[in-house]
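Student: Sharing entry-v6.txt below, compact mmCIF, C-alpha atoms:
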```
# COMPACT_ATOMS: atom_id res chain seq x y z
CA MET J 1 0.00 0.00 0.00
CA TYR J 2 1.37 3.38 -0.86
CA ASP J 3 0.25 6.94 -1.14
CA GLU J 4 1.24 9.25 -3.92
CA ILE J 5 1.42 12.98 -3.43
CA ILE J 6 1.63 15.43 -6.27
CA LEU J 7 2.78 18.80 -5.07
CA THR J 8 2.76 21.57 -7.62
CA CYS J 9 3.73 25.11 -6.94
CA ALA J 10 3.09 28.33 -8.73
CA VAL J 11 5.67 28.64 -11.47
CA SER J 12 6.45 31.83 -13.29
CA GLY J 13 8.84 31.43 -16.15
CA GLY J 14 9.57 27.74 -15.57
CA HIS J 15 12.60 28.21 -13.32
CA GLY J 16 14.03 24.97 -11.98
CA ASN J 17 14.76 26.03 -8.39
CA HIS J 18 11.47 25.78 -6.52
CA ASP J 19 13.10 26.24 -3.13
CA ARG J 20 14.30 29.81 -3.44
CA HIS J 21 12.55 31.55 -6.32
CA PRO J 22 10.95 34.78 -5.04
CA ASP J 23 7.79 34.43 -7.17
CA TYR J 24 6.68 31.22 -5.45
CA PRO J 25 4.06 31.99 -2.83
CA ILE J 26 4.94 28.79 -0.96
CA THR J 27 8.16 26.83 -0.81
CA PRO J 28 6.62 23.37 -0.89
CA PHE J 29 9.79 21.32 -1.07
CA GLN J 30 11.20 22.89 2.09
CA ILE J 31 7.89 22.44 3.90
CA ALA J 32 7.54 18.85 2.70
CA ARG J 33 11.09 17.99 3.72
CA ASP J 34 10.31 19.11 7.27
CA CYS J 35 6.98 17.30 7.41
CA ILE J 36 7.70 13.91 5.86
CA ASP J 37 9.57 12.67 8.90
CA ALA J 38 6.59 13.56 11.08
CA ALA J 39 4.09 11.27 9.37
CA ARG J 40 3.82 8.35 6.98
CA ALA J 41 0.38 8.75 5.50
CA GLY J 42 -0.15 11.02 2.52
CA ALA J 43 -3.07 12.83 4.15
CA ALA J 44 -1.09 13.40 7.34
CA ILE J 45 1.82 14.84 5.39
CA ALA J 46 -0.57 16.99 3.36
CA GLN J 47 -2.13 18.29 6.57
CA ALA J 48 1.30 19.04 8.03
CA ILE J 49 2.27 20.94 4.89
CA GLY J 50 -1.01 22.84 5.04
CA HIS J 51 -0.42 23.65 8.71
CA GLU J 52 3.06 24.96 7.97
CA ALA J 53 1.71 27.07 5.09
CA VAL J 54 -0.91 28.58 7.44
CA CYS J 55 1.89 29.34 9.92
CA GLN J 56 3.59 31.21 7.08
CA ASN J 57 0.39 33.28 6.58
CA HIS J 58 -0.85 31.53 3.44
CA ASP J 59 -4.49 30.73 2.75
CA VAL J 60 -5.00 26.97 2.70
CA ARG J 61 -7.98 24.75 1.95
CA PHE J 62 -7.91 21.00 2.70
CA THR J 63 -10.67 18.92 1.14
CA SER J 64 -11.24 15.45 -0.18
CA ALA J 65 -11.65 15.11 -3.92
CA ALA J 66 -15.25 13.99 -3.35
CA GLY J 67 -15.90 16.97 -1.07
CA LEU J 68 -14.39 19.41 -3.57
CA LEU J 69 -16.43 18.08 -6.47
CA GLY J 70 -19.56 17.87 -4.32
CA SER J 71 -19.20 21.50 -3.28
CA LEU J 72 -18.75 22.59 -6.91
CA TYR J 73 -21.82 20.58 -7.91
CA ALA J 74 -23.85 22.17 -5.10
CA ALA J 75 -22.63 25.61 -6.19
CA ARG J 76 -23.87 24.86 -9.71
CA THR J 77 -27.32 24.05 -8.41
CA ASP J 78 -27.66 27.12 -6.19
CA GLY J 79 -26.18 29.62 -8.66
CA THR J 80 -22.94 30.32 -6.75
CA PHE J 81 -20.59 28.33 -9.00
CA GLU J 82 -18.61 31.26 -10.41
CA ARG J 83 -17.98 32.74 -6.96
CA LYS J 84 -17.01 29.34 -5.49
CA PHE J 85 -14.75 28.55 -8.44
CA LYS J 86 -12.94 31.90 -8.24
CA LYS J 87 -12.42 31.47 -4.50
CA LEU J 88 -10.90 28.01 -4.99
CA ALA J 89 -8.73 29.25 -7.85
CA ARG J 90 -7.22 32.01 -5.68
CA ILE J 91 -6.37 30.01 -2.54
CA ASP J 92 -2.59 29.95 -2.01
CA LEU J 93 -2.54 26.20 -1.33
CA LEU J 94 -5.36 23.85 -2.26
CA ILE J 95 -4.94 20.35 -0.81
CA ILE J 96 -7.05 17.66 -2.47
CA ASP J 97 -7.02 14.37 -0.60
CA ASP J 98 -7.95 10.90 -1.88
CA PHE J 99 -7.96 11.68 -5.58
CA GLY J 100 -9.19 8.86 -7.81
CA LEU J 101 -11.10 6.83 -5.25
CA ARG J 102 -14.24 7.28 -7.34
CA PRO J 103 -14.47 7.91 -11.08
CA MET J 104 -15.54 11.43 -12.04
CA LYS J 105 -18.55 11.90 -14.26
CA PRO J 106 -19.42 15.04 -16.21
CA PRO J 107 -19.55 17.82 -15.19
CA ALA J 108 -17.27 16.89 -12.24
CA ASP J 109 -14.35 15.93 -14.50
CA GLU J 110 -14.73 19.19 -16.41
CA ASP J 111 -14.91 21.23 -13.19
CA PHE J 112 -11.79 19.51 -11.85
CA HIS J 113 -9.92 20.16 -15.10
CA ASP J 114 -11.02 23.80 -15.20
CA LEU J 115 -9.93 24.35 -11.60
CA ILE J 116 -6.51 22.75 -12.13
CA ALA J 117 -6.07 24.71 -15.39
CA GLU J 118 -7.00 27.96 -13.65
CA ARG J 119 -4.54 27.30 -10.81
CA TYR J 120 -1.79 26.06 -13.17
CA GLU J 121 1.39 28.10 -12.69
CA ARG J 122 -0.51 30.52 -10.41
CA ALA J 123 -1.10 28.74 -7.11
CA ALA J 124 0.11 25.67 -5.21
CA THR J 125 -1.94 22.49 -5.41
CA LEU J 126 -1.25 19.34 -3.44
CA VAL J 127 -3.04 16.14 -4.41
CA THR J 128 -2.87 12.83 -2.53
CA SER J 129 -3.97 9.46 -3.82
CA ASN J 130 -3.64 5.78 -3.00
CA LEU J 131 -3.23 5.14 -6.72
CA ASP J 132 -0.02 5.18 -8.71
CA PHE J 133 0.14 8.33 -10.83
CA SER J 134 -0.10 6.18 -13.98
CA GLU J 135 -3.59 5.13 -12.79
CA TRP J 136 -4.94 8.64 -12.16
CA GLY J 137 -6.28 8.97 -15.69
CA GLN J 138 -8.81 6.23 -14.93
CA ALA J 139 -10.69 8.69 -12.70
CA PHE J 140 -11.76 10.70 -15.76
CA ALA J 141 -14.67 9.72 -17.99
CA ASN J 142 -13.13 11.88 -20.74
CA LYS J 143 -9.63 10.45 -21.22
CA LEU J 144 -8.39 13.41 -23.25
CA LEU J 145 -9.53 15.82 -20.54
CA GLY J 146 -7.88 13.59 -17.95
CA ALA J 147 -4.58 13.59 -19.83
CA ALA J 148 -4.62 17.39 -20.11
CA THR J 149 -5.42 17.78 -16.41
CA LEU J 150 -2.74 15.36 -15.28
CA ASP J 151 -0.21 17.00 -17.59
CA ARG J 152 -0.80 20.31 -15.79
CA LEU J 153 -0.54 18.65 -12.37
CA ARG J 154 2.66 16.82 -13.25
CA HIS J 155 4.46 19.77 -14.82
CA GLY J 156 6.89 21.22 -12.29
CA ALA J 157 5.54 18.95 -9.55
CA TYR J 158 7.32 17.17 -6.77
CA GLN J 159 6.08 13.61 -6.72
CA PRO J 160 7.11 11.76 -3.56
CA VAL J 161 5.84 8.21 -3.38
CA LEU J 162 5.28 6.86 0.10
CA ASP J 163 5.81 3.14 -0.07
CA GLY J 164 5.19 0.87 2.85
CA ASN J 165 2.54 -0.46 5.14
CA SER J 166 -0.50 1.63 5.81
CA TYR J 167 -0.46 3.46 9.10
CA ARG J 168 -4.06 2.28 9.48
CA ARG J 169 -3.21 -1.09 10.91
CA ALA J 170 -5.91 -3.61 11.58
CA ARG J 171 -6.81 -3.94 15.22
CA ASP J 172 -6.70 -7.33 16.83
CA PHE J 173 -10.19 -8.63 17.33
CA HIS J 174 -10.67 -10.75 20.42
CA PRO J 175 -14.39 -11.14 21.02
CA THR J 176 -15.39 -11.77 24.57
CA VAL J 177 -17.31 -15.00 24.64
CA PRO J 178 -19.10 -15.84 27.84
CA THR J 179 -17.94 -19.12 29.21
CA ALA J 180 -20.08 -21.51 31.14
CA SER J 181 -19.43 -21.09 34.80
CA ALA J 182 -19.54 -23.76 37.41
CA THR J 183 -22.16 -22.07 39.52
CA GLU J 184 -24.73 -24.05 41.29
CA ASP J 185 -28.36 -23.57 40.56
CA PRO J 186 -29.97 -22.16 43.74
CA GLU J 187 -32.93 -24.49 43.29
CA ASP J 188 -30.64 -27.51 43.60
CA GLU J 189 -29.91 -26.77 47.23
```
Turn the structure described in the file into structure tokens.
Tutor:
Amino acid sequence: MYDEIILTCAVSGGHGNHDRHPDYPITPFQIARDCIDAARAGAAIAQAIGHEAVCQNHDVRFTSAAGLLGSLYAARTDGTFERKFKKLARIDLLIIDDFGLRPMKPPADEDFHDLIAERYERAATLVTSNLDFSEWGQAFANKLLGAATLDRLRHGAYQPVLDGNSYRRARDFHPTVPTASATEDPEDE
């Protein structure tokens, strides 16, 4: 079992040094380096990175992929989609957890693509998944749209792969079974 984290940062001009470039609103590699030792699960590392970004006065939003897409769908139905979309596009660091657990259907795949495209090279996006990156395209109903989205996520991204046992270990199950006791029946006396 492994988690895969894609960490993209705002890139202006395609410079190779993500750690020190003054145009990057967040220095994700430095933050990640400090956080990876603190946790093994992708979501825990993502939360630690988000916490550190907040400590550095950045706006951060942590959401599951299902929660993100559900909130965009709800915004479509109540007429607040544009406002919601713009707010998500402007957040300094958007953390999307558990990408690819469920396949996306239209318009969710289109909304996800549009959000990633809008954030591309402008804001930091961190995506966690239990899938290998090569499997992420399966989450999209429209394979061409999926390829375009993943291309934007991968470009300039740090892609640490956490390989090992899940931190969610199974608990031992020892049911308590009543045993027959050697008590005397009071009527037998």
Student: Rank nothing, just name the residue among J:Val60, J:Ala44, J:Leu126, J:Ala108 nearest to J:Leu72, using all atoms listed in the file.
Tutor: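 Answer, going by the shortest atom-to-atom distance: J:Ala108.
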Student: Please measure the separation of atom CA of J:Phe112 and atom CA of J:Asp78, giving the value in Å to one decimal.
Tutor: 18.5 Å
Student: Record the distance separating atom CA of J:Ala123 and atom CA of J:Leu144, expressed in Å with one decimal.
Tutor: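 Calculated distance between atom CA of J:Ala123 and atom CA of J:Leu144 is 23.4 Å.
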Student: Of the residues J:Leu68, J:Ala147, J:Ala74, J:Ala141, which is the one nearest to J:Leu115, using only C-alpha atoms?
Tutor: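 So, comparing all the options, the nearest one is J:Leu68.
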Student: Nearest to J:Ile95: which of J:Ala41, J:Ala157, J:Ala65, J:Ala117 is it, counting all atoms listed in the file?
Tutor: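 So, comparing all the options, the nearest one is J:Ala65.
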Student: Measuring atom to atom with only C-alpha atoms, identify which of J:Cys55, J:Ile116, J:Ile45, J:Ala66 is nearest to J:Arg152.
Tutor: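 Among J:Cys55, J:Ile116, J:Ile45, J:Ala66, it is J:Ile116 that comes nearest to J:Arg152.
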Student: Please extract stretch 71-86 of chain J and write it out with N, CA, C and O atoms, as a PDB file, in the first residue's frame.
Tutor:
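Printed below is out_31.pdb as written:
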```
ATOM      1  N   SER J  71     -18.935  20.080  -3.545  1.00  0.00           N
ATOM      2  CA  SER J  71     -19.201  21.500  -3.279  1.00  0.00           C
ATOM      3  C   SER J  71     -19.344  22.287  -4.579  1.00  0.00           C
ATOM      4  O   SER J  71     -20.160  23.207  -4.656  1.00  0.00           O
ATOM      5  N   LEU J  72     -18.592  21.920  -5.612  1.00  0.00           N
ATOM      6  CA  LEU J  72     -18.750  22.587  -6.905  1.00  0.00           C
ATOM      7  C   LEU J  72     -20.097  22.235  -7.530  1.00  0.00           C
ATOM      8  O   LEU J  72     -20.759  23.097  -8.121  1.00  0.00           O
ATOM      9  N   TYR J  73     -20.518  20.992  -7.389  1.00  0.00           N
ATOM     10  CA  TYR J  73     -21.822  20.582  -7.913  1.00  0.00           C
ATOM     11  C   TYR J  73     -22.946  21.337  -7.197  1.00  0.00           C
ATOM     12  O   TYR J  73     -23.878  21.841  -7.838  1.00  0.00           O
ATOM     13  N   ALA J  74     -22.839  21.437  -5.875  1.00  0.00           N
ATOM     14  CA  ALA J  74     -23.847  22.175  -5.100  1.00  0.00           C
ATOM     15  C   ALA J  74     -23.868  23.641  -5.508  1.00  0.00           C
ATOM     16  O   ALA J  74     -24.937  24.246  -5.607  1.00  0.00           O
ATOM     17  N   ALA J  75     -22.703  24.210  -5.766  1.00  0.00           N
ATOM     18  CA  ALA J  75     -22.634  25.611  -6.189  1.00  0.00           C
ATOM     19  C   ALA J  75     -23.292  25.803  -7.554  1.00  0.00           C
ATOM     20  O   ALA J  75     -23.901  26.843  -7.814  1.00  0.00           O
ATOM     21  N   ARG J  76     -23.181  24.794  -8.411  1.00  0.00           N
ATOM     22  CA  ARG J  76     -23.867  24.862  -9.712  1.00  0.00           C
ATOM     23  C   ARG J  76     -25.377  24.922  -9.514  1.00  0.00           C
ATOM     24  O   ARG J  76     -26.072  25.669 -10.191  1.00  0.00           O
ATOM     25  N   THR J  77     -25.868  24.129  -8.580  1.00  0.00           N
ATOM     26  CA  THR J  77     -27.324  24.053  -8.405  1.00  0.00           C
ATOM     27  C   THR J  77     -27.899  25.279  -7.726  1.00  0.00           C
ATOM     28  O   THR J  77     -29.053  25.618  -7.960  1.00  0.00           O
ATOM     29  N   ASP J  78     -27.106  25.952  -6.876  1.00  0.00           N
ATOM     30  CA  ASP J  78     -27.662  27.125  -6.187  1.00  0.00           C
ATOM     31  C   ASP J  78     -27.204  28.455  -6.783  1.00  0.00           C
ATOM     32  O   ASP J  78     -27.437  29.511  -6.211  1.00  0.00           O
ATOM     33  N   GLY J  79     -26.545  28.398  -7.954  1.00  0.00           N
ATOM     34  CA  GLY J  79     -26.184  29.624  -8.659  1.00  0.00           C
ATOM     35  C   GLY J  79     -24.947  30.338  -8.129  1.00  0.00           C
ATOM     36  O   GLY J  79     -24.704  31.492  -8.487  1.00  0.00           O
ATOM     37  N   THR J  80     -24.142  29.669  -7.309  1.00  0.00           N
ATOM     38  CA  THR J  80     -22.940  30.321  -6.751  1.00  0.00           C
ATOM     39  C   THR J  80     -21.649  29.736  -7.322  1.00  0.00           C
ATOM     40  O   THR J  80     -20.573  29.929  -6.765  1.00  0.00           O
ATOM     41  N   PHE J  81     -21.756  29.023  -8.452  1.00  0.00           N
ATOM     42  CA  PHE J  81     -20.593  28.327  -8.999  1.00  0.00           C
ATOM     43  C   PHE J  81     -19.436  29.272  -9.304  1.00  0.00           C
ATOM     44  O   PHE J  81     -18.288  28.989  -8.914  1.00  0.00           O
ATOM     45  N   GLU J  82     -19.696  30.344 -10.007  1.00  0.00           N
ATOM     46  CA  GLU J  82     -18.610  31.257 -10.405  1.00  0.00           C
ATOM     47  C   GLU J  82     -17.866  31.800  -9.193  1.00  0.00           C
ATOM     48  O   GLU J  82     -16.637  31.853  -9.178  1.00  0.00           O
ATOM     49  N   ARG J  83     -18.604  32.205  -8.169  1.00  0.00           N
ATOM     50  CA  ARG J  83     -17.983  32.740  -6.957  1.00  0.00           C
ATOM     51  C   ARG J  83     -17.152  31.658  -6.255  1.00  0.00           C
ATOM     52  O   ARG J  83     -16.022  31.901  -5.841  1.00  0.00           O
ATOM     53  N   LYS J  84     -17.701  30.454  -6.130  1.00  0.00           N
ATOM     54  CA  LYS J  84     -17.009  29.337  -5.491  1.00  0.00           C
ATOM     55  C   LYS J  84     -15.749  28.978  -6.268  1.00  0.00           C
ATOM     56  O   LYS J  84     -14.678  28.772  -5.697  1.00  0.00           O
ATOM     57  N   PHE J  85     -15.880  28.899  -7.573  1.00  0.00           N
ATOM     58  CA  PHE J  85     -14.754  28.550  -8.438  1.00  0.00           C
ATOM     59  C   PHE J  85     -13.622  29.567  -8.305  1.00  0.00           C
ATOM     60  O   PHE J  85     -12.457  29.194  -8.145  1.00  0.00           O
ATOM     61  N   LYS J  86     -13.956  30.851  -8.358  1.00  0.00           N
ATOM     62  CA  LYS J  86     -12.936  31.901  -8.242  1.00  0.00           C
ATOM     63  C   LYS J  86     -12.236  31.848  -6.891  1.00  0.00           C
ATOM     64  O   LYS J  86     -11.030  32.050  -6.794  1.00  0.00           O
TER      65      LYS J  86
END
```
